[in-house]
$ cat model.txt   # compact mmCIF, C-alpha atoms and all ligand atoms
# COMPACT_ATOMS: atom_id res chain seq x y z
CA MET A 1 4.44 -45.89 3.10
CA THR A 2 3.94 -47.98 6.23
CA ALA A 3 1.29 -47.17 8.79
CA HIS A 4 4.06 -46.02 11.11
CA THR A 5 5.64 -43.46 8.79
CA GLY A 6 2.17 -42.26 7.82
CA ARG A 7 1.40 -41.58 11.44
CA THR A 8 4.72 -39.81 11.97
CA ALA A 9 4.00 -37.57 8.99
CA ALA A 10 0.55 -36.78 10.37
CA TYR A 11 2.09 -35.80 13.71
CA ALA A 12 4.63 -33.62 11.97
CA ILE A 13 1.91 -31.81 10.04
CA THR A 14 -0.20 -31.32 13.16
CA LEU A 15 2.83 -29.96 14.98
CA ALA A 16 3.68 -27.60 12.11
CA LEU A 17 0.10 -26.25 12.06
CA TRP A 18 0.11 -25.85 15.80
CA ALA A 19 3.45 -24.03 15.75
CA CYS A 20 2.32 -21.54 13.10
CA GLY A 21 -1.14 -20.85 14.47
CA PRO A 22 -3.96 -20.25 12.04
CA ALA A 23 -2.71 -20.19 8.46
CA PRO A 24 -2.26 -16.59 7.26
CA GLU A 25 -4.45 -15.47 4.38
CA PRO A 26 -2.59 -16.47 1.22
CA GLU A 27 -1.24 -13.53 -0.77
CA PRO A 28 -3.00 -13.23 -4.14
CA GLU A 29 -0.83 -13.14 -7.26
CA SER A 30 -2.53 -10.00 -8.44
CA PHE A 31 -5.15 -7.59 -7.25
CA VAL A 32 -7.23 -4.88 -8.92
CA PRO A 33 -8.61 -2.26 -6.55
CA PHE A 34 -12.13 -0.86 -6.90
CA ALA A 35 -13.48 2.25 -5.21
CA SER A 36 -15.35 0.04 -2.76
CA HIS A 37 -12.05 -1.34 -1.44
CA PHE A 38 -11.34 2.14 -0.07
CA ALA A 39 -14.70 2.59 1.67
CA ARG A 40 -14.31 3.77 5.28
CA TYR A 41 -10.52 3.98 4.94
CA THR A 42 -10.43 6.22 8.02
CA SER A 43 -11.07 3.10 10.09
CA TRP A 44 -7.70 1.62 8.99
CA GLU A 45 -4.49 2.01 10.97
CA SER A 46 -3.44 5.65 10.66
CA PHE A 47 -0.27 7.71 10.92
CA VAL A 48 -0.29 11.49 11.22
CA ILE A 49 2.58 13.47 9.77
CA PRO A 50 2.46 17.01 11.09
CA GLY A 51 3.05 19.79 8.57
CA GLY A 52 6.70 20.69 8.31
CA ALA A 53 7.84 17.57 10.10
CA GLN A 54 8.56 15.48 7.01
CA GLN A 55 10.51 15.65 3.80
CA GLU A 56 10.17 19.04 2.15
CA ASP A 57 9.01 17.42 -1.10
CA ALA A 58 5.93 15.79 0.36
CA HIS A 59 3.35 17.04 -2.22
CA VAL A 60 1.95 19.71 0.09
CA SER A 61 2.49 21.46 3.33
CA GLY A 62 0.11 20.99 6.21
CA ASP A 63 -0.79 17.86 8.12
CA ARG A 64 -1.02 14.61 6.23
CA THR A 65 -2.70 11.47 7.45
CA LEU A 66 -1.77 8.10 6.05
CA TYR A 67 -4.08 5.10 6.29
CA LEU A 68 -2.77 1.57 5.84
CA LYS A 69 -5.03 -1.37 5.18
CA ARG A 70 -3.34 -4.35 6.85
CA ARG A 71 0.28 -4.24 7.98
CA PRO A 72 2.76 -6.43 6.15
CA PRO A 73 3.93 -9.48 8.09
CA ARG A 74 6.85 -8.89 10.45
CA GLY A 75 10.18 -9.05 8.65
CA ALA A 76 8.62 -8.52 5.21
CA THR A 77 10.90 -6.89 2.66
CA ARG A 78 8.00 -5.67 0.50
CA TYR A 79 4.34 -4.85 0.90
CA PRO A 80 2.09 -7.81 0.01
CA VAL A 81 -0.14 -7.78 -3.07
CA GLY A 82 -3.49 -6.30 -2.02
CA THR A 83 -1.96 -3.62 0.23
CA LEU A 84 -3.77 -0.26 0.11
CA ILE A 85 -2.36 3.03 1.40
CA VAL A 86 -4.29 6.32 1.41
CA LYS A 87 -2.69 9.72 1.92
CA VAL A 88 -5.01 12.54 2.90
CA THR A 89 -3.61 16.03 2.40
CA PRO A 90 -5.41 19.32 3.00
CA LEU A 91 -6.14 19.44 -0.74
CA GLN A 92 -6.30 15.94 -2.16
CA VAL A 93 -6.62 12.29 -1.29
CA PHE A 94 -4.01 10.09 -2.95
CA ALA A 95 -3.66 6.36 -2.77
CA MET A 96 -1.43 3.50 -3.86
CA ALA A 97 -2.54 -0.07 -4.34
CA LYS A 98 -0.26 -3.12 -4.61
CA ARG A 99 -1.49 -4.84 -7.77
CA GLY A 100 1.38 -7.25 -8.30
CA GLY A 101 1.83 -9.07 -11.60
CA GLY A 102 4.57 -6.69 -12.77
CA TYR A 103 2.15 -3.75 -13.06
CA ASN A 104 3.92 -0.37 -13.54
CA ALA A 105 7.11 -2.24 -14.43
CA GLN A 106 9.02 0.94 -15.39
CA GLY A 107 8.14 2.77 -12.19
CA ALA A 108 7.01 1.80 -8.71
CA VAL A 109 6.88 -1.85 -9.68
CA ASP A 110 3.60 -3.62 -8.84
CA TRP A 111 1.95 -0.41 -7.51
CA GLU A 112 -0.92 1.56 -9.02
CA TRP A 113 -1.41 5.28 -8.23
CA LEU A 114 -4.83 6.76 -7.60
CA GLU A 115 -6.60 9.92 -6.57
CA LEU A 116 -9.82 9.51 -4.61
CA GLU A 117 -12.79 11.82 -4.30
CA GLY A 118 -16.26 11.48 -2.84
CA THR A 119 -16.85 10.67 0.79
CA VAL A 120 -15.00 8.42 3.19
CA GLU A 121 -18.08 6.17 3.22
CA GLN A 122 -18.34 6.10 -0.55
CA PRO A 123 -15.16 7.22 -2.26
CA PHE A 124 -14.78 7.20 -6.02
CA ILE A 125 -11.67 7.06 -8.15
CA ARG A 126 -10.87 10.34 -9.89
CA TRP A 127 -7.98 8.85 -11.83
CA ARG A 128 -5.81 5.76 -11.61
CA GLY A 129 -2.86 4.21 -13.39
CA ILE A 130 0.93 4.29 -13.56
CA GLY A 131 0.77 8.03 -12.93
CA ALA A 132 -1.48 11.05 -12.86
CA PRO A 133 -3.03 12.14 -16.17
CA ASP A 134 -1.65 15.27 -17.85
CA GLY A 135 -2.58 18.37 -15.92
CA GLU A 136 -3.07 16.48 -12.69
CA GLY A 137 -0.54 15.72 -10.03
CA TYR A 138 2.97 17.09 -10.34
CA GLY A 139 5.80 17.45 -12.74
CA PRO A 140 5.88 17.81 -16.49
CA PRO A 141 2.92 16.42 -18.44
CA GLY A 142 3.34 12.88 -19.63
CA GLU A 143 5.77 11.95 -16.92
CA SER A 144 4.72 9.99 -13.95
CA SER A 145 6.03 12.15 -11.19
CA CYS A 146 4.46 9.78 -8.70
CA ASN A 147 6.95 7.19 -9.91
CA LEU A 148 9.87 9.63 -10.07
CA CYS A 149 9.51 10.91 -6.55
CA HIS A 150 8.70 7.60 -4.96
CA ASP A 151 11.66 5.99 -6.71
CA GLY A 152 13.74 7.49 -3.91
CA ALA A 153 12.14 4.88 -1.64
CA ALA A 154 12.74 1.90 -3.94
CA HIS A 155 14.56 0.19 -1.05
CA ASN A 156 11.29 0.40 0.94
CA ASP A 157 9.05 -0.91 -1.86
CA PHE A 158 8.49 2.69 -3.08
CA VAL A 159 6.72 3.71 0.14
CA ARG A 160 8.24 6.93 1.45
CA ALA A 161 6.75 7.83 4.82
CA ALA A 162 8.95 7.32 7.87
CA PRO A 163 6.29 5.42 9.85
CA LEU A 164 5.76 3.02 6.96
CA GLN A 165 9.34 1.75 6.73
CA LEU A 166 9.29 -2.04 6.46
CA SER A 167 12.27 -2.24 8.80
CA GLU A 168 10.09 -0.78 11.58
CA TRP A 169 8.02 -3.97 11.72
C1 LIG A 201 7.71 15.68 -4.86
C2 LIG A 201 7.79 14.32 -4.40
C3 LIG A 201 6.55 13.48 -4.47
C4 LIG A 201 5.72 13.30 -5.55
C5 LIG A 201 5.82 13.93 -6.93
C6 LIG A 201 4.72 12.34 -5.13
N1 LIG A 201 4.93 11.95 -3.83
FE1 LIG A 201 3.70 10.73 -2.76
N2 LIG A 201 4.90 11.03 -1.11
C7 LIG A 201 6.01 11.85 -1.04
C8 LIG A 201 6.54 11.84 0.32
C9 LIG A 201 7.76 12.59 0.82
C10 LIG A 201 5.70 10.98 1.05
C11 LIG A 201 5.84 10.62 2.55
C12 LIG A 201 4.68 11.10 3.39
C13 LIG A 201 4.63 12.61 3.58
O1 LIG A 201 5.62 13.20 4.05
O2 LIG A 201 3.60 13.20 3.25
C14 LIG A 201 4.69 10.49 0.12
C15 LIG A 201 3.69 9.59 0.47
C16 LIG A 201 2.71 9.13 -0.38
C17 LIG A 201 1.71 8.14 -0.02
C18 LIG A 201 1.65 7.40 1.31
C19 LIG A 201 2.57 6.16 1.25
C20 LIG A 201 4.06 6.52 1.23
O3 LIG A 201 4.70 6.31 0.19
O4 LIG A 201 4.56 7.01 2.24
C21 LIG A 201 0.89 8.00 -1.10
C22 LIG A 201 -0.31 7.07 -1.21
C23 LIG A 201 1.38 8.89 -2.14
N3 LIG A 201 2.49 9.55 -1.67
C24 LIG A 201 0.80 9.00 -3.38
C25 LIG A 201 1.36 9.77 -4.40
C26 LIG A 201 0.74 9.92 -5.72
C27 LIG A 201 -0.56 9.27 -6.17
C28 LIG A 201 1.56 10.72 -6.45
C29 LIG A 201 1.38 11.21 -7.88
C30 LIG A 201 0.18 11.99 -8.13
C31 LIG A 201 2.67 11.08 -5.57
N4 LIG A 201 2.52 10.49 -4.36
C32 LIG A 201 3.70 11.92 -5.96
C33 LIG A 201 6.56 12.56 -2.10
C34 LIG A 201 6.03 12.64 -3.37

$ encode --input "model.txt" --output "structure tokens"
Amino acid sequence: MTAHTGRTAAYAITLALWACGPAPEPEPESFVPFASHFARYTSWESFVIPGGAQQEDAHVSGDRTLYLKRRPPRGATRYPVGTLIVKVTPLQVFAMAKRGGGYNAQGAVDWEWLELEGTVEQPFIRWRGIGAPDGEGYGPPGESSCNLCHDGAAHNDFVRAAPLQLSEW
């Protein structure tokens, strides 16, 4: 490479960096959530769904508040690995975490389901996995009803709430 082409390449790189602004945080290939990742989730971006205003099969009646840790980039067709969403209902606190790596391959692909307890400051994980354990959650024992119901939103990366449609961003 001559000095000239080297310089041209350097300009091109500088221009590309300038045009894109600061490089976005690279998306990890996989992610495993811990309880501490959910600490102070009420400080995340939130969306209130008033009772009765959403799908009738929304786990419970009453107001629900959804908390989203970091919006996906504009135009994204799926939620990035590392995404956390918490759903607070009058009775329970549910969550989903984008683990990636083909996790939950038969269900909501790449997502793990969780129920949180404890405080907003210091939540702990009551259960986690590809679905609720027997006797918890919904539907017949042994079946992941989380997967079944959220499958209806497969086109939106298994995220059901109207304000969390990827096409909105
Ligand atoms: C009967 C259907 C149904 C089942 C079963 C179900 N969900 Fe949902 N879920 C919904 C609907 C509808 C929404 C949209 C928000 C709302 O209206 O409350 C939702 C929203 C959520 C959200 C917020 C992100 C999103 O997708 O909008 C989380 C987190 C969540 N559910 C977790 C769970 C977990 C964990 C389970 C299993 C224990 C589960 N869900 C089972 C219907 C269901």

$ residues_around --input "model.txt" --residues "Leu166 (chain A)" --least-positions-apart "6" --cutoff "7 Å" --atoms "only C-alpha atoms" --output "mmCIF file with C-alpha atoms, in the frame of the given file"
data_model
loop_
_atom_site.group_PDB
_atom_site.id
_atom_site.type_symbol
_atom_site.label_atom_id
_atom_site.label_comp_id
_atom_site.auth_asym_id
_atom_site.auth_seq_id
_atom_site.Cartn_x
_atom_site.Cartn_y
_atom_site.Cartn_z
ATOM 1 C CA ALA A 76 8.620 -8.520 5.210
ATOM 2 C CA THR A 77 10.900 -6.890 2.660
ATOM 3 C CA ASN A 156 11.290 0.400 0.940
#

$ residues_around --input "model.txt" --residues "Gly118 (chain A)" --least-positions-apart "5" --cutoff "12 Å" --atoms "all atoms listed in the file" --output "list in words"
Ala35, Ser36, Phe38, Ala39, Arg40, Gln92, Val93, Pro123, Phe124, Ile125 and Arg126 of chain A

$ closest_residue --input "model.txt" --among "A:Glu45, A:Asp63, A:Glu27, A:Asp151" --to "Ala108 (chain A)" --atoms "all atoms listed in the file"
A:Asp151

$ atom_distance --input "model.txt" --atom1 "CA of Glu112 (chain A)" --atom2 "CA of Gly131 (chain A)"
7.7 Å

$ atom_distance --input "model.txt" --atom1 "atom C29 of ligand LIG 201 (chain A)" --atom2 "CA of Pro26 (chain A)"
29.4 Å

$ closest_residue --input "model.txt" --among "A:Glu115, A:Glu168, A:Asp134, A:Glu121" --to "ligand LIG 201 (chain A)" --atoms "only C-alpha atoms and all ligand atoms"
A:Glu115

$ atom_distance --input "model.txt" --atom1 "atom C13 of ligand LIG 201 (chain A)" --atom2 "CA of Glu25 (chain A)"
29.5 Å

$ residues_near_point --input "model.txt" --point "(-4.1, 7.1, 4.7)" --cutoff "8 Å" --atoms "only C-alpha atoms" --output "ChimeraX atom specification"
/A:41-42,44,46-47,65-68,85-88,95

$ write_last_selection --input "model.txt" --atoms "C-alpha atoms" --output "PDB file, in the coordinates of the input"
ATOM      1  CA  TYR A  41     -10.520   3.980   4.940  1.00  0.00           C
ATOM      2  CA  THR A  42     -10.430   6.220   8.020  1.00  0.00           C
ATOM      3  CA  TRP A  44      -7.700   1.620   8.990  1.00  0.00           C
ATOM      4  CA  SER A  46      -3.440   5.650  10.660  1.00  0.00           C
ATOM      5  CA  PHE A  47      -0.270   7.710  10.920  1.00  0.00           C
ATOM      6  CA  THR A  65      -2.700  11.470   7.450  1.00  0.00           C
ATOM      7  CA  LEU A  66      -1.770   8.100   6.050  1.00  0.00           C
ATOM      8  CA  TYR A  67      -4.080   5.100   6.290  1.00  0.00           C
ATOM      9  CA  LEU A  68      -2.770   1.570   5.840  1.00  0.00           C
ATOM     10  CA  ILE A  85      -2.360   3.030   1.400  1.00  0.00           C
ATOM     11  CA  VAL A  86      -4.290   6.320   1.410  1.00  0.00           C
ATOM     12  CA  LYS A  87      -2.690   9.720   1.920  1.00  0.00           C
ATOM     13  CA  VAL A  88      -5.010  12.540   2.900  1.00  0.00           C
ATOM     14  CA  ALA A  95      -3.660   6.360  -2.770  1.00  0.00           C
TER      15      ALA A  95
END

$ residues_around --input "model.txt" --residues "Val32 (chain A)" --least-positions-apart "6" --cutoff "12 Å" --atoms "all atoms listed in the file" --output "PyMOL selection string"
chain A and resi 81-84+96-101+103+110-114+128-129

$ write_last_selection --input "model.txt" --atoms "C-alpha atoms" --output "short mmCIF file (atom, residue, chain, number, x, y, z; two decimals), keeping the file's coordinate frame"
data_model
loop_
_atom_site.label_atom_id
_atom_site.label_comp_id
_atom_site.auth_asym_id
_atom_site.auth_seq_id
_atom_site.Cartn_x
_atom_site.Cartn_y
_atom_site.Cartn_z
CA VAL A 81 -0.14 -7.78 -3.07
CA GLY A 82 -3.49 -6.30 -2.02
CA THR A 83 -1.96 -3.62 0.23
CA LEU A 84 -3.77 -0.26 0.11
CA MET A 96 -1.43 3.50 -3.86
CA ALA A 97 -2.54 -0.07 -4.34
CA LYS A 98 -0.26 -3.12 -4.61
CA ARG A 99 -1.49 -4.84 -7.77
CA GLY A 100 1.38 -7.25 -8.30
CA GLY A 101 1.83 -9.07 -11.60
CA TYR A 103 2.15 -3.75 -13.06
CA ASP A 110 3.60 -3.62 -8.84
CA TRP A 111 1.95 -0.41 -7.51
CA GLU A 112 -0.92 1.56 -9.02
CA TRP A 113 -1.41 5.28 -8.23
CA LEU A 114 -4.83 6.76 -7.60
CA ARG A 128 -5.81 5.76 -11.61
CA GLY A 129 -2.86 4.21 -13.39
#

$ closest_residue --input "model.txt" --among "A:Arg64, A:Lys69, A:Arg74, A:His155" --to "ligand LIG 201 (chain A)" --atoms "all atoms listed in the file"
A:Arg64

$ residues_around --input "model.txt" --residues "Gly107 (chain A)" --least-positions-apart "2" --cutoff "8 Å" --atoms "all atoms listed in the file" --output "PDB file with C-alpha atoms, keeping the file's coordinate frame"
ATOM      1  CA  ASN A 104       3.920  -0.370 -13.540  1.00  0.00           C
ATOM      2  CA  ALA A 105       7.110  -2.240 -14.430  1.00  0.00           C
ATOM      3  CA  VAL A 109       6.880  -1.850  -9.680  1.00  0.00           C
ATOM      4  CA  ILE A 130       0.930   4.290 -13.560  1.00  0.00           C
ATOM      5  CA  ASN A 147       6.950   7.190  -9.910  1.00  0.00           C
ATOM      6  CA  LEU A 148       9.870   9.630 -10.070  1.00  0.00           C
ATOM      7  CA  ASP A 151      11.660   5.990  -6.710  1.00  0.00           C
TER       8      ASP A 151
END

$ closest_residue --input "model.txt" --among "A:Gly102, A:Pro72, A:Gly62, A:Pro80" --to "ligand LIG 201 (chain A)" --atoms "all atoms listed in the file"
A:Gly62

$ closest_residue --input "model.txt" --among "A:Gln106, A:Thr119, A:Ser30, A:Thr89" --to "ligand LIG 201 (chain A)" --atoms "only C-alpha atoms and all ligand atoms"
A:Thr89
